[in-house]
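Q: The structure file model_18.pdb (PDB, C-alpha atoms, pLDDT in the B column) is provided below.
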ATOM      1  CA  MET A 235     -17.400 -16.581 -15.209  1.00 43.00           C
ATOM      2  CA  SER A 236     -15.843 -17.818 -11.958  1.00 44.00           C
ATOM      3  CA  PRO A 237     -13.832 -15.501  -9.691  1.00 45.00           C
ATOM      4  CA  SER A 238     -10.652 -17.407 -10.546  1.00 46.00           C
ATOM      5  CA  ILE A 239     -11.098 -16.734 -14.277  1.00 49.00           C
ATOM      6  CA  SER A 240     -11.909 -13.108 -13.579  1.00 46.00           C
ATOM      7  CA  MET A 241      -8.804 -12.903 -11.409  1.00 48.00           C
ATOM      8  CA  MET A 242      -6.619 -14.335 -14.185  1.00 50.00           C
ATOM      9  CA  GLU A 243      -7.906 -11.659 -16.555  1.00 54.00           C
ATOM     10  CA  ASP A 244      -7.150  -9.016 -13.935  1.00 51.00           C
ATOM     11  CA  VAL A 245      -3.459 -10.039 -13.985  1.00 49.00           C
ATOM     12  CA  ASP A 246      -3.156  -8.525 -17.456  1.00 47.00           C
ATOM     13  CA  LYS A 247      -4.215  -5.075 -16.296  1.00 68.00           C
ATOM     14  CA  THR A 248      -1.918  -2.091 -16.222  1.00 74.00           C
ATOM     15  CA  GLU A 249      -1.831  -1.881 -12.430  1.00 74.00           C
ATOM     16  CA  ILE A 250      -0.077  -5.260 -12.222  1.00 77.00           C
ATOM     17  CA  TYR A 251       2.668  -4.099 -14.575  1.00 80.00           C
ATOM     18  CA  VAL A 252       2.981  -0.813 -12.675  1.00 81.00           C
ATOM     19  CA  LEU A 253       3.372  -2.740  -9.414  1.00 81.00           C
ATOM     20  CA  PHE A 254       6.015  -4.980 -10.973  1.00 83.00           C
ATOM     21  CA  LEU A 255       7.868  -1.951 -12.328  1.00 86.00           C
ATOM     22  CA  ALA A 256       7.744  -0.325  -8.887  1.00 83.00           C
ATOM     23  CA  PHE A 257       9.111  -3.533  -7.370  1.00 83.00           C
ATOM     24  CA  VAL A 258      12.052  -3.529  -9.786  1.00 84.00           C
ATOM     25  CA  ILE A 259      12.762   0.157  -9.133  1.00 82.00           C
ATOM     26  CA  ILE A 260      12.631  -0.274  -5.355  1.00 81.00           C
ATOM     27  CA  VAL A 261      14.976  -3.272  -5.486  1.00 79.00           C
ATOM     28  CA  ALA A 262      17.337  -1.176  -7.599  1.00 79.00           C
ATOM     29  CA  LEU A 263      17.092   1.645  -5.018  1.00 75.00           C
ATOM     30  CA  ILE A 264      17.976  -0.741  -2.206  1.00 73.00           C
ATOM     31  CA  SER A 265      20.949  -2.108  -4.109  1.00 74.00           C
ATOM     32  CA  THR A 266      22.180   1.344  -5.113  1.00 73.00           C
ATOM     33  CA  THR A 267      21.828   2.634  -1.558  1.00 70.00           C
ATOM     34  CA  MET A 268      23.816  -0.234  -0.105  1.00 70.00           C
ATOM     35  CA  VAL A 269      26.542   0.108  -2.726  1.00 70.00           C
ATOM     36  CA  SER A 270      26.837   3.838  -2.102  1.00 66.00           C
ATOM     37  CA  PHE A 271      27.119   3.397   1.656  1.00 66.00           C
ATOM     38  CA  PHE A 272      29.685   0.633   1.385  1.00 65.00           C
ATOM     39  CA  TYR A 273      31.682   2.719  -1.068  1.00 65.00           C
ATOM     40  CA  VAL A 274      31.745   5.686   1.302  1.00 62.00           C
ATOM     41  CA  TYR A 275      32.615   3.599   4.333  1.00 61.00           C
ATOM     42  CA  TYR A 276      35.533   1.873   2.657  1.00 61.00           C
ATOM     43  CA  GLN A 277      36.829   5.027   1.007  1.00 60.00           C
ATOM     44  CA  SER A 278      36.476   7.277   4.040  1.00 57.00           C
ATOM     45  CA  ASP A 279      39.357   8.010   6.419  1.00 55.00           C
ATOM     46  CA  HIS A 280      37.138   9.775   8.956  1.00 51.00           C
ATOM     47  CA  LEU A 281      37.974   8.566  12.473  1.00 47.00           C
ATOM     48  CA  LEU A 282      34.345   7.919  13.432  1.00 49.00           C
ATOM     49  CA  ILE A 283      33.732   5.807  10.344  1.00 52.00           C
ATOM     50  CA  MET A 284      36.989   3.916  10.753  1.00 51.00           C
ATOM     51  CA  HIS A 285      36.287   3.188  14.422  1.00 54.00           C
ATOM     52  CA  PHE A 286      32.774   1.845  13.783  1.00 54.00           C
ATOM     53  CA  ARG A 287      33.447   0.385  10.341  1.00 58.00           C
ATOM     54  CA  TYR A 288      32.376  -3.176  11.136  1.00 65.00           C
ATOM     55  CA  GLN A 289      29.372  -2.026  13.149  1.00 65.00           C
ATOM     56  CA  TYR A 290      28.237  -0.009  10.132  1.00 63.00           C
ATOM     57  CA  ILE A 291      28.642  -3.050   7.916  1.00 67.00           C
ATOM     58  CA  ILE A 292      26.534  -5.231  10.240  1.00 72.00           C
ATOM     59  CA  ILE A 293      23.845  -2.561  10.471  1.00 67.00           C
ATOM     60  CA  ALA A 294      23.846  -2.159   6.685  1.00 66.00           C
ATOM     61  CA  ILE A 295      23.421  -5.910   6.129  1.00 72.00           C
ATOM     62  CA  LEU A 296      20.606  -6.125   8.684  1.00 74.00           C
ATOM     63  CA  SER A 297      18.940  -3.100   7.093  1.00 70.00           C
ATOM     64  CA  LEU A 298      19.211  -4.758   3.678  1.00 72.00           C
ATOM     65  CA  LEU A 299      17.525  -7.925   4.919  1.00 76.00           C
ATOM     66  CA  ALA A 300      14.796  -5.956   6.704  1.00 75.00           C
ATOM     67  CA  SER A 301      14.211  -3.821   3.616  1.00 75.00           C
ATOM     68  CA  TRP A 302      13.951  -6.884   1.391  1.00 78.00           C
ATOM     69  CA  ALA A 303      11.392  -8.448   3.750  1.00 81.00           C
ATOM     70  CA  SER A 304       9.390  -5.205   3.879  1.00 82.00           C
ATOM     71  CA  VAL A 305       9.338  -4.834   0.097  1.00 84.00           C
ATOM     72  CA  ASN A 306       8.073  -8.375  -0.363  1.00 85.00           C
ATOM     73  CA  THR A 307       5.370  -8.157   2.308  1.00 87.00           C
ATOM     74  CA  CYS A 308       4.160  -4.797   0.967  1.00 87.00           C
ATOM     75  CA  HIS A 309       3.823  -6.171  -2.545  1.00 87.00           C
ATOM     76  CA  VAL A 310       2.111  -9.337  -1.305  1.00 88.00           C
ATOM     77  CA  PHE A 311      -0.404  -7.050   0.403  1.00 90.00           C
ATOM     78  CA  ALA A 312      -0.762  -5.069  -2.833  1.00 88.00           C
ATOM     79  CA  ILE A 313      -1.526  -8.258  -4.779  1.00 87.00           C
ATOM     80  CA  SER A 314      -4.120  -9.184  -2.157  1.00 87.00           C
ATOM     81  CA  SER A 315      -5.746  -5.770  -2.581  1.00 87.00           C
ATOM     82  CA  PHE A 316      -5.907  -6.321  -6.354  1.00 86.00           C
ATOM     83  CA  THR A 317      -7.490  -9.735  -5.744  1.00 85.00           C
ATOM     84  CA  LEU A 318     -10.156  -8.245  -3.484  1.00 88.00           C
ATOM     85  CA  GLY A 319     -10.829  -5.614  -6.142  1.00 86.00           C
ATOM     86  CA  THR A 320     -11.409  -8.380  -8.664  1.00 86.00           C
ATOM     87  CA  PHE A 321     -13.665 -10.193  -6.209  1.00 88.00           C
ATOM     88  CA  ALA A 322     -15.702  -6.994  -5.801  1.00 88.00           C
ATOM     89  CA  GLN A 323     -16.094  -6.738  -9.568  1.00 86.00           C
ATOM     90  CA  ASP A 324     -17.237 -10.348  -9.673  1.00 89.00           C
ATOM     91  CA  THR A 325     -19.721  -9.606  -6.884  1.00 91.00           C
ATOM     92  CA  PHE A 326     -21.424  -7.075  -9.134  1.00 91.00           C
ATOM     93  CA  ARG A 327     -21.620  -9.713 -11.861  1.00 90.00           C
ATOM     94  CA  LEU A 328     -23.209 -12.216  -9.455  1.00 92.00           C
ATOM     95  CA  ILE A 329     -25.748  -9.617  -8.343  1.00 92.00           C
ATOM     96  CA  ARG A 330     -26.560  -8.763 -11.952  1.00 90.00           C
ATOM     97  CA  ASP A 331     -27.132 -12.454 -12.781  1.00 89.00           C
ATOM     98  CA  VAL A 332     -29.725 -12.999 -10.029  1.00 88.00           C
ATOM     99  CA  GLN A 333     -32.958 -14.140 -11.636  1.00 84.00           C
ATOM    100  CA  ASN A 334     -36.343 -14.473  -9.970  1.00 84.00           C
ATOM    101  CA  GLY A 335     -34.694 -13.759  -6.630  1.00 84.00           C
ATOM    102  CA  THR A 336     -35.309 -11.422  -3.741  1.00 90.00           C
ATOM    103  CA  LEU A 337     -33.424  -8.592  -2.114  1.00 91.00           C
ATOM    104  CA  ASP A 338     -32.172 -11.059   0.501  1.00 93.00           C
ATOM    105  CA  ASP A 339     -30.450 -13.055  -2.262  1.00 93.00           C
ATOM    106  CA  VAL A 340     -28.568  -9.923  -3.329  1.00 93.00           C
ATOM    107  CA  ILE A 341     -27.624  -9.107   0.253  1.00 93.00           C
ATOM    108  CA  ARG A 342     -26.281 -12.627   0.765  1.00 94.00           C
ATOM    109  CA  ILE A 343     -24.009 -12.188  -2.265  1.00 94.00           C
ATOM    110  CA  HIS A 344     -22.758  -8.887  -0.892  1.00 94.00           C
ATOM    111  CA  GLU A 345     -22.243 -10.457   2.528  1.00 94.00           C
ATOM    112  CA  ASP A 346     -19.952 -13.040   0.911  1.00 93.00           C
ATOM    113  CA  LEU A 347     -17.812 -10.167  -0.359  1.00 92.00           C
ATOM    114  CA  CYS A 348     -17.756  -8.506   3.067  1.00 92.00           C
ATOM    115  CA  THR A 349     -16.787 -11.793   4.724  1.00 93.00           C
ATOM    116  CA  VAL A 350     -13.821 -12.255   2.388  1.00 91.00           C
ATOM    117  CA  VAL A 351     -12.753  -8.624   2.815  1.00 91.00           C
ATOM    118  CA  PHE A 352     -13.019  -8.611   6.598  1.00 90.00           C
ATOM    119  CA  ASN A 353     -11.204 -11.950   6.920  1.00 91.00           C
ATOM    120  CA  THR A 354      -8.392 -10.694   4.700  1.00 90.00           C
ATOM    121  CA  VAL A 355      -8.193  -7.392   6.563  1.00 88.00           C
ATOM    122  CA  SER A 356      -8.128  -9.246   9.883  1.00 88.00           C
ATOM    123  CA  ALA A 357      -5.180 -11.316   8.669  1.00 88.00           C
ATOM    124  CA  TYR A 358      -3.235  -8.204   7.634  1.00 89.00           C
ATOM    125  CA  SER A 359      -4.311  -5.736  10.339  1.00 86.00           C
ATOM    126  CA  VAL A 360      -1.525  -6.463  12.849  1.00 86.00           C
ATOM    127  CA  TRP A 361       1.140  -6.373  10.145  1.00 87.00           C
ATOM    128  CA  PHE A 362      -0.371  -3.203   8.695  1.00 85.00           C
ATOM    129  CA  VAL A 363      -0.276  -1.294  11.988  1.00 82.00           C
ATOM    130  CA  LEU A 364       3.229  -2.492  12.846  1.00 83.00           C
ATOM    131  CA  HIS A 365       4.553  -1.746   9.373  1.00 81.00           C
ATOM    132  CA  TRP A 366       2.974   1.694   9.214  1.00 75.00           C
ATOM    133  CA  SER A 367       4.166   2.713  12.684  1.00 74.00           C
ATOM    134  CA  THR A 368       7.674   1.254  12.396  1.00 75.00           C
ATOM    135  CA  TYR A 369       8.364   2.918   9.055  1.00 72.00           C
ATOM    136  CA  GLY A 370       7.097   6.207  10.417  1.00 67.00           C
ATOM    137  CA  ALA A 371       9.432   5.765  13.380  1.00 68.00           C
ATOM    138  CA  GLY A 372      12.187   4.516  11.069  1.00 65.00           C
ATOM    139  CA  PHE A 373      12.003   7.708   9.080  1.00 66.00           C
ATOM    140  CA  VAL A 374      12.474   9.731  12.268  1.00 65.00           C
ATOM    141  CA  VAL A 375      15.381   7.560  13.441  1.00 66.00           C
ATOM    142  CA  ASP A 376      17.017   7.781  10.027  1.00 65.00           C
ATOM    143  CA  THR A 377      16.723  11.559  10.162  1.00 64.00           C
ATOM    144  CA  ILE A 378      18.333  11.640  13.627  1.00 64.00           C
ATOM    145  CA  ILE A 379      21.215   9.480  12.392  1.00 63.00           C
ATOM    146  CA  ILE A 380      21.715  11.768   9.410  1.00 63.00           C
ATOM    147  CA  TYR A 381      21.673  14.809  11.696  1.00 63.00           C
ATOM    148  CA  HIS A 382      24.430  13.369  13.916  1.00 62.00           C
ATOM    149  CA  MET A 383      26.644  12.185  11.079  1.00 61.00           C
ATOM    150  CA  PRO A 384      29.828  14.180  10.447  1.00 60.00           C
ATOM    151  CA  LYS A 385      28.762  17.154   8.340  1.00 60.00           C
ATOM    152  CA  GLU A 386      31.916  17.099   6.212  1.00 59.00           C
ATOM    153  CA  LEU A 387      31.222  13.465   5.345  1.00 56.00           C
ATOM    154  CA  LEU A 388      27.534  14.059   4.733  1.00 57.00           C
ATOM    155  CA  TRP A 389      27.615  17.190   2.599  1.00 57.00           C
ATOM    156  CA  GLU A 390      30.937  16.804   0.825  1.00 55.00           C
ATOM    157  CA  THR A 391      30.407  13.253  -0.408  1.00 60.00           C
ATOM    158  CA  PRO A 392      28.034  13.133  -3.397  1.00 63.00           C
ATOM    159  CA  MET A 393      27.728   9.357  -3.167  1.00 61.00           C
ATOM    160  CA  MET A 394      26.603   9.607   0.450  1.00 62.00           C
ATOM    161  CA  MET A 395      24.054  12.296  -0.374  1.00 67.00           C
ATOM    162  CA  PHE A 396      22.701  10.210  -3.221  1.00 67.00           C
ATOM    163  CA  GLY A 397      22.407   7.133  -1.005  1.00 65.00           C
ATOM    164  CA  ILE A 398      20.600   9.085   1.723  1.00 68.00           C
ATOM    165  CA  PHE A 399      18.130  10.497  -0.776  1.00 71.00           C
ATOM    166  CA  LEU A 400      17.375   7.017  -2.152  1.00 72.00           C
ATOM    167  CA  GLN A 401      16.902   5.659   1.347  1.00 71.00           C
ATOM    168  CA  LEU A 402      14.407   8.381   2.230  1.00 73.00           C
ATOM    169  CA  VAL A 403      12.499   7.775  -1.016  1.00 76.00           C
ATOM    170  CA  PHE A 404      12.427   4.095  -0.131  1.00 77.00           C
ATOM    171  CA  PHE A 405      10.997   4.857   3.315  1.00 76.00           C
ATOM    172  CA  VAL A 406       8.275   7.105   1.875  1.00 77.00           C
ATOM    173  CA  TYR A 407       7.317   4.455  -0.686  1.00 82.00           C
ATOM    174  CA  LEU A 408       6.947   1.693   1.897  1.00 82.00           C
ATOM    175  CA  PHE A 409       5.100   4.085   4.221  1.00 79.00           C
ATOM    176  CA  THR A 410       2.479   5.093   1.659  1.00 81.00           C
ATOM    177  CA  LEU A 411       2.038   1.959  -0.507  1.00 85.00           C
ATOM    178  CA  PRO A 412      -0.010  -0.009   2.076  1.00 86.00           C
ATOM    179  CA  CYS A 413      -2.238   3.054   2.588  1.00 83.00           C
ATOM    180  CA  PHE A 414      -3.065   3.288  -1.120  1.00 84.00           C
ATOM    181  CA  CYS A 415      -3.701  -0.463  -1.308  1.00 87.00           C
ATOM    182  CA  ALA A 416      -5.979  -0.321   1.753  1.00 86.00           C
ATOM    183  CA  ALA A 417      -7.833   2.631   0.230  1.00 86.00           C
ATOM    184  CA  ARG A 418      -8.185   0.673  -3.006  1.00 87.00           C
ATOM    185  CA  ILE A 419      -9.952  -2.158  -1.158  1.00 89.00           C
ATOM    186  CA  THR A 420     -12.426   0.297   0.364  1.00 89.00           C
ATOM    187  CA  ASN A 421     -13.051   2.041  -2.960  1.00 88.00           C
ATOM    188  CA  LYS A 422     -13.619  -1.214  -4.835  1.00 90.00           C
ATOM    189  CA  CYS A 423     -16.149  -2.358  -2.244  1.00 90.00           C
ATOM    190  CA  ALA A 424     -17.915   0.993  -2.349  1.00 90.00           C
ATOM    191  CA  GLY A 425     -17.853   0.804  -6.135  1.00 90.00           C
ATOM    192  CA  VAL A 426     -20.291  -2.115  -6.059  1.00 91.00           C
ATOM    193  CA  TYR A 427     -23.206  -0.150  -4.609  1.00 91.00           C
ATOM    194  CA  GLU A 428     -22.159   3.065  -6.375  1.00 90.00           C
ATOM    195  CA  LYS A 429     -22.390   1.273  -9.719  1.00 92.00           C
ATOM    196  CA  ILE A 430     -25.762  -0.193  -8.767  1.00 91.00           C
ATOM    197  CA  ASN A 431     -26.972   3.231  -7.701  1.00 90.00           C
ATOM    198  CA  CYS A 432     -26.252   4.563 -11.210  1.00 89.00           C
ATOM    199  CA  THR A 433     -28.546   2.002 -12.854  1.00 88.00           C
ATOM    200  CA  THR A 434     -32.213   2.201 -13.766  1.00 87.00           C
ATOM    201  CA  SER A 435     -34.910  -0.453 -13.723  1.00 85.00           C
ATOM    202  CA  GLU A 436     -34.366  -1.113 -17.432  1.00 87.00           C
ATOM    203  CA  ASP A 437     -30.719  -2.080 -16.784  1.00 88.00           C
ATOM    204  CA  TRP A 438     -31.779  -5.219 -14.917  1.00 90.00           C
ATOM    205  CA  PRO A 439     -33.264  -8.402 -16.446  1.00 88.00           C
ATOM    206  CA  ALA A 440     -36.862  -9.414 -15.944  1.00 86.00           C
ATOM    207  CA  GLY A 441     -37.460 -10.985 -12.553  1.00 86.00           C
ATOM    208  CA  HIS A 442     -34.484  -9.249 -10.927  1.00 90.00           C
ATOM    209  CA  PRO A 443     -35.286  -7.619  -7.563  1.00 91.00           C
ATOM    210  CA  PHE A 444     -33.625  -4.387  -8.732  1.00 92.00           C
ATOM    211  CA  ARG A 445     -36.325  -3.915 -11.331  1.00 89.00           C
ATOM    212  CA  ASP A 446     -38.045  -2.293  -8.386  1.00 88.00           C
ATOM    213  CA  ARG A 447     -36.190   0.941  -7.649  1.00 89.00           C
ATOM    214  CA  HIS A 448     -37.268   0.716  -4.021  1.00 91.00           C
ATOM    215  CA  ASN A 449     -35.113  -2.417  -3.608  1.00 92.00           C
ATOM    216  CA  ILE A 450     -32.097  -0.533  -4.974  1.00 92.00           C
ATOM    217  CA  ALA A 451     -32.617   2.199  -2.384  1.00 92.00           C
ATOM    218  CA  LEU A 452     -32.855  -0.398   0.389  1.00 93.00           C
ATOM    219  CA  PHE A 453     -29.692  -2.142  -0.808  1.00 93.00           C
ATOM    220  CA  ILE A 454     -27.736   1.121  -1.030  1.00 93.00           C
ATOM    221  CA  SER A 455     -28.784   1.997   2.512  1.00 93.00           C
ATOM    222  CA  TYR A 456     -27.740  -1.452   3.751  1.00 93.00           C
ATOM    223  CA  ALA A 457     -24.381  -1.371   1.919  1.00 91.00           C
ATOM    224  CA  LYS A 458     -23.458   2.065   3.290  1.00 89.00           C
ATOM    225  CA  GLU A 459     -24.260   0.952   6.827  1.00 88.00           C
ATOM    226  CA  ARG A 460     -22.287  -2.272   6.323  1.00 88.00           C
ATOM    227  CA  ARG A 461     -19.127  -0.254   5.543  1.00 85.00           C
ATOM    228  CA  CYS A 462     -17.393  -3.061   3.743  1.00 89.00           C
ATOM    229  CA  GLY A 463     -13.747  -2.089   3.257  1.00 87.00           C
ATOM    230  CA  PHE A 464     -10.355  -1.930   4.923  1.00 86.00           C
ATOM    231  CA  LYS A 465     -10.873  -1.014   8.569  1.00 81.00           C
ATOM    232  CA  VAL A 466      -8.406  -1.117  11.443  1.00 76.00           C
ATOM    233  CA  GLY A 467     -10.372  -0.613  14.622  1.00 72.00           C
ATOM    234  CA  ARG A 468     -12.769   2.230  13.897  1.00 70.00           C
ATOM    235  CA  ILE A 469     -10.563   3.769  11.199  1.00 70.00           C
ATOM    236  CA  THR A 470     -11.599   3.118   7.596  1.00 71.00           C
ATOM    237  CA  PHE A 471      -8.836   3.652   5.083  1.00 71.00           C
ATOM    238  CA  ASN A 472     -10.100   5.547   2.076  1.00 68.00           C
ATOM    239  CA  THR A 473      -8.559   7.683  -0.658  1.00 60.00           C
ATOM    240  CA  SER A 474      -8.430  10.813   1.500  1.00 57.00           C
ATOM    241  CA  LEU A 475      -6.404   9.088   4.211  1.00 54.00           C
ATOM    242  CA  ALA A 476      -4.082   7.580   1.602  1.00 51.00           C
ATOM    243  CA  TRP A 477      -3.353  10.967   0.027  1.00 54.00           C
ATOM    244  CA  LEU A 478      -2.863  12.459   3.482  1.00 59.00           C
ATOM    245  CA  SER A 479      -0.243   9.805   4.232  1.00 57.00           C
ATOM    246  CA  PHE A 480       1.428  10.443   0.896  1.00 53.00           C
ATOM    247  CA  PHE A 481       1.711  14.192   1.397  1.00 57.00           C
ATOM    248  CA  PHE A 482       2.853  13.673   4.980  1.00 57.00           C
ATOM    249  CA  GLY A 483       5.636  11.383   3.805  1.00 54.00           C
ATOM    250  CA  LEU A 484       6.555  13.655   0.913  1.00 54.00           C
ATOM    251  CA  THR A 485       6.675  16.717   3.152  1.00 57.00           C
ATOM    252  CA  ALA A 486       8.873  14.895   5.629  1.00 53.00           C
ATOM    253  CA  LEU A 487      11.138  13.739   2.824  1.00 51.00           C
ATOM    254  CA  LEU A 488      11.644  17.225   1.388  1.00 52.00           C
ATOM    255  CA  SER A 489      11.958  19.035   4.703  1.00 52.00           C
ATOM    256  CA  HIS A 490      14.456  16.636   6.229  1.00 49.00           C
ATOM    257  CA  PHE A 491      16.505  16.217   3.075  1.00 49.00           C
ATOM    258  CA  PHE A 492      16.914  19.925   2.428  1.00 49.00           C
ATOM    259  CA  TYR A 493      17.431  20.665   6.100  1.00 49.00           C
TER     260      TYR A 493
END
Take the structure in this file and express it as structure tokens.
A:
Amino acid sequence: MSPSISMMEDVDKTEIYVLFLAFVIIVALISTTMVSFFYVYYQSDHLLIMHFRYQYIIIAILSLLASWASVNTCHVFAISSFTLGTFAQDTFRLIRDVQNGTLDDVIRIHEDLCTVVFNTVSAYSVWFVLHWSTYGAGFVVDTIIIYHMPKELLWETPMMMFGIFLQLVFFVYLFTLPCFCAARITNKCAGVYEKINCTTSEDWPAGHPFRDRHNIALFISYAKERRCGFKVGRITFNTSLAWLSFFFGLTALLSHFFY
């Protein structure tokens, strides 16, 4: 089975539908947030809002365009992470199908996976750092803006409160989604040697280098040292870092919203 066929089968998996559902929900959040803000601005007779009405409209439109671009780039990155996961699964199949080969043949197959992963990560690394840092800073700026808004407008307008809550949820989602996708790439790559490590000599066909358990131990040692996965500089994104980002964003969301 070629990687392209394997990739087509991967499209039918639940994670693709979950990602699509998340995309629809986030687009709905953006639309609802913009509608709520426009409704408040046009209905409000507060002097500050009336004085800066058109500036608010321009900022809202620019924010809408920036949010739309961020949503699309994040989900393109998510699709790329799913593709690399499929490629990792196909790497295990290629290793399993090696016949009358050597350990070097297996390592070359794994090196092909690492080359694809590192090239993809290199293409996304600048965007990833900028996106992660700007949305972290954007959350802080949004909180400052909320803090300086007229309190009677902020707390006495349910539509405004609802729009602010949706905007903060949107920020947390775009802050944490790339982290989970990056962690998924690392986990899928690690899953190749972890799956091999759980096999025995009888699980491999005759003539396969992994019929010798010593070769499996050598490959596992090589794969761990290779550290194939999503790395930015010396930082490797794994599940722990992804959950840390999620709880950081969630804590910030709850603390600033209820403050």
Q: Starting from the displayed file, determine the output of the PyMOL selection byres ((chain A and resi 418-432) around 7) and express the residue list as a PyMOL selection string.
A: chain A and resi 315+318-319+322+326+414-417+433-434+450+454+457+462-464+471-472
Q: Do you have the atom CA of A:Ile264-atom CA of A:Val305 distance handy?
A: 9.8 Å
Q: To verify the selection step, state as a PyMOL selection string which residues the PyMOL selection byres ((chain A and resi 251-263) around 8) yields on this input.
A: chain A and resi 246-250+264-267+302+305+309+400-401+404
Q: Please indicate the distance in Å from atom CA of A:Asp331 to atom CA of A:Ser455, rounded to one decimal place.
A: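 If I compute the distance from atom CA of A:Asp331 to atom CA of A:Ser455, I get 21.1 Å.
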Q: Select, from A:Ser359, A:Ser297, A:Thr368, A:Asn449, the residue with the minimum atom-to-atom distance to A:Gly467, counting only C-alpha atoms.
A: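 Selected residue with least distance to A:Gly467: A:Ser359.
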Q: Check which residues satisfy the PyMOL selection byres ((chain A and resi 339-353) around 7) in the file shown, then give them as a PyMOL selection string.
A: chain A and resi 318+322+325+329+335-338+354-357+462-463
Q: Please measure the separation of atom CA of A:Tyr358 and atom CA of A:Arg327, giving the value in Å to one decimal.
A: 26.8 Å
Q: For A:Ala440, which residue among A:Val332, A:Val363, A:Val466, A:Cys413 is the nearest when counting all atoms listed in the file?
A: A:Val332
Q: Need the shell around A:Gln333: protein/DNA/RNA residues with any atom at most 8 Å away, counting all atoms listed in the file. Skip same-chain ones fewer than 3 positions apart. Format as a JSON list (two decimals) with C-alpha atoms, keeping the file's coordinate frame?
A:
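Saved the output as result22.json:
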[["chain", "number", "residue", "atom", "x", "y", "z"],
["A", 439, "PRO", "CA", -33.26, -8.40, -16.45],
["A", 440, "ALA", "CA", -36.86, -9.41, -15.94],
["A", 441, "GLY", "CA", -37.46, -10.98, -12.55],
["A", 442, "HIS", "CA", -34.48, -9.25, -10.93]]
Q: Which residue gives the smallest distance to A:Ala303 among A:Lys465, A:Val360, A:Tyr407, A:His365, with only C-alpha atoms counted?
A: A:His365
Q: For A:Thr410, which residue out of A:Leu299, A:Met268, A:Cys308, A:Leu364 is the nearest one, using only C-alpha atoms?
A: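 When distances to A:Thr410 are compared using only C-alpha atoms, the smallest one comes from A:Cys308.
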Q: Determine the nearest neighbour of A:Arg447 from the options A:Ile295, A:Val269, A:Arg461, A:Ser435, counting all atoms listed in the file.
A: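 Among A:Ile295, A:Val269, A:Arg461, A:Ser435, it is A:Ser435 that comes nearest to A:Arg447.
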Q: Complete stretch 468-472 of chain A with all heavy atoms (output as a compact mmCIF listing (two decimals), in the frame of the given file).
A:
# COMPACT_ATOMS: atom_id res chain seq x y z
N ARG A 468 -11.67 1.40 14.40
CA ARG A 468 -12.77 2.23 13.90
C ARG A 468 -12.34 3.10 12.72
O ARG A 468 -13.13 3.91 12.24
CB ARG A 468 -13.31 3.11 15.03
CG ARG A 468 -13.99 2.33 16.14
CD ARG A 468 -14.55 3.26 17.20
NE ARG A 468 -15.27 2.52 18.23
CZ ARG A 468 -16.56 2.19 18.15
NH1 ARG A 468 -17.25 2.51 17.09
NH2 ARG A 468 -17.13 1.53 19.14
N ILE A 469 -11.09 2.94 12.29
CA ILE A 469 -10.56 3.77 11.20
C ILE A 469 -10.74 3.04 9.89
O ILE A 469 -10.27 1.91 9.72
CB ILE A 469 -9.08 4.11 11.42
CG1 ILE A 469 -8.89 4.85 12.74
CG2 ILE A 469 -8.54 4.93 10.26
CD1 ILE A 469 -7.44 5.14 13.07
N THR A 470 -11.44 3.66 8.95
CA THR A 470 -11.60 3.12 7.60
C THR A 470 -10.64 3.84 6.67
O THR A 470 -10.64 5.07 6.59
CB THR A 470 -13.04 3.31 7.10
OG1 THR A 470 -13.94 2.63 7.98
CG2 THR A 470 -13.20 2.74 5.69
N PHE A 471 -9.80 3.05 5.99
CA PHE A 471 -8.84 3.65 5.08
C PHE A 471 -9.50 3.90 3.74
O PHE A 471 -9.95 2.98 3.06
CB PHE A 471 -7.62 2.73 4.92
CG PHE A 471 -6.65 2.82 6.05
CD1 PHE A 471 -6.88 2.15 7.24
CD2 PHE A 471 -5.50 3.60 5.94
CE1 PHE A 471 -6.00 2.23 8.29
CE2 PHE A 471 -4.61 3.69 6.99
CZ PHE A 471 -4.85 3.01 8.17
N ASN A 472 -9.55 5.17 3.37
CA ASN A 472 -10.10 5.55 2.08
C ASN A 472 -9.08 6.39 1.31
O ASN A 472 -7.95 6.57 1.75
CB ASN A 472 -11.42 6.30 2.25
CG ASN A 472 -11.28 7.46 3.24
OD1 ASN A 472 -10.21 8.04 3.40
ND2 ASN A 472 -12.38 7.79 3.91
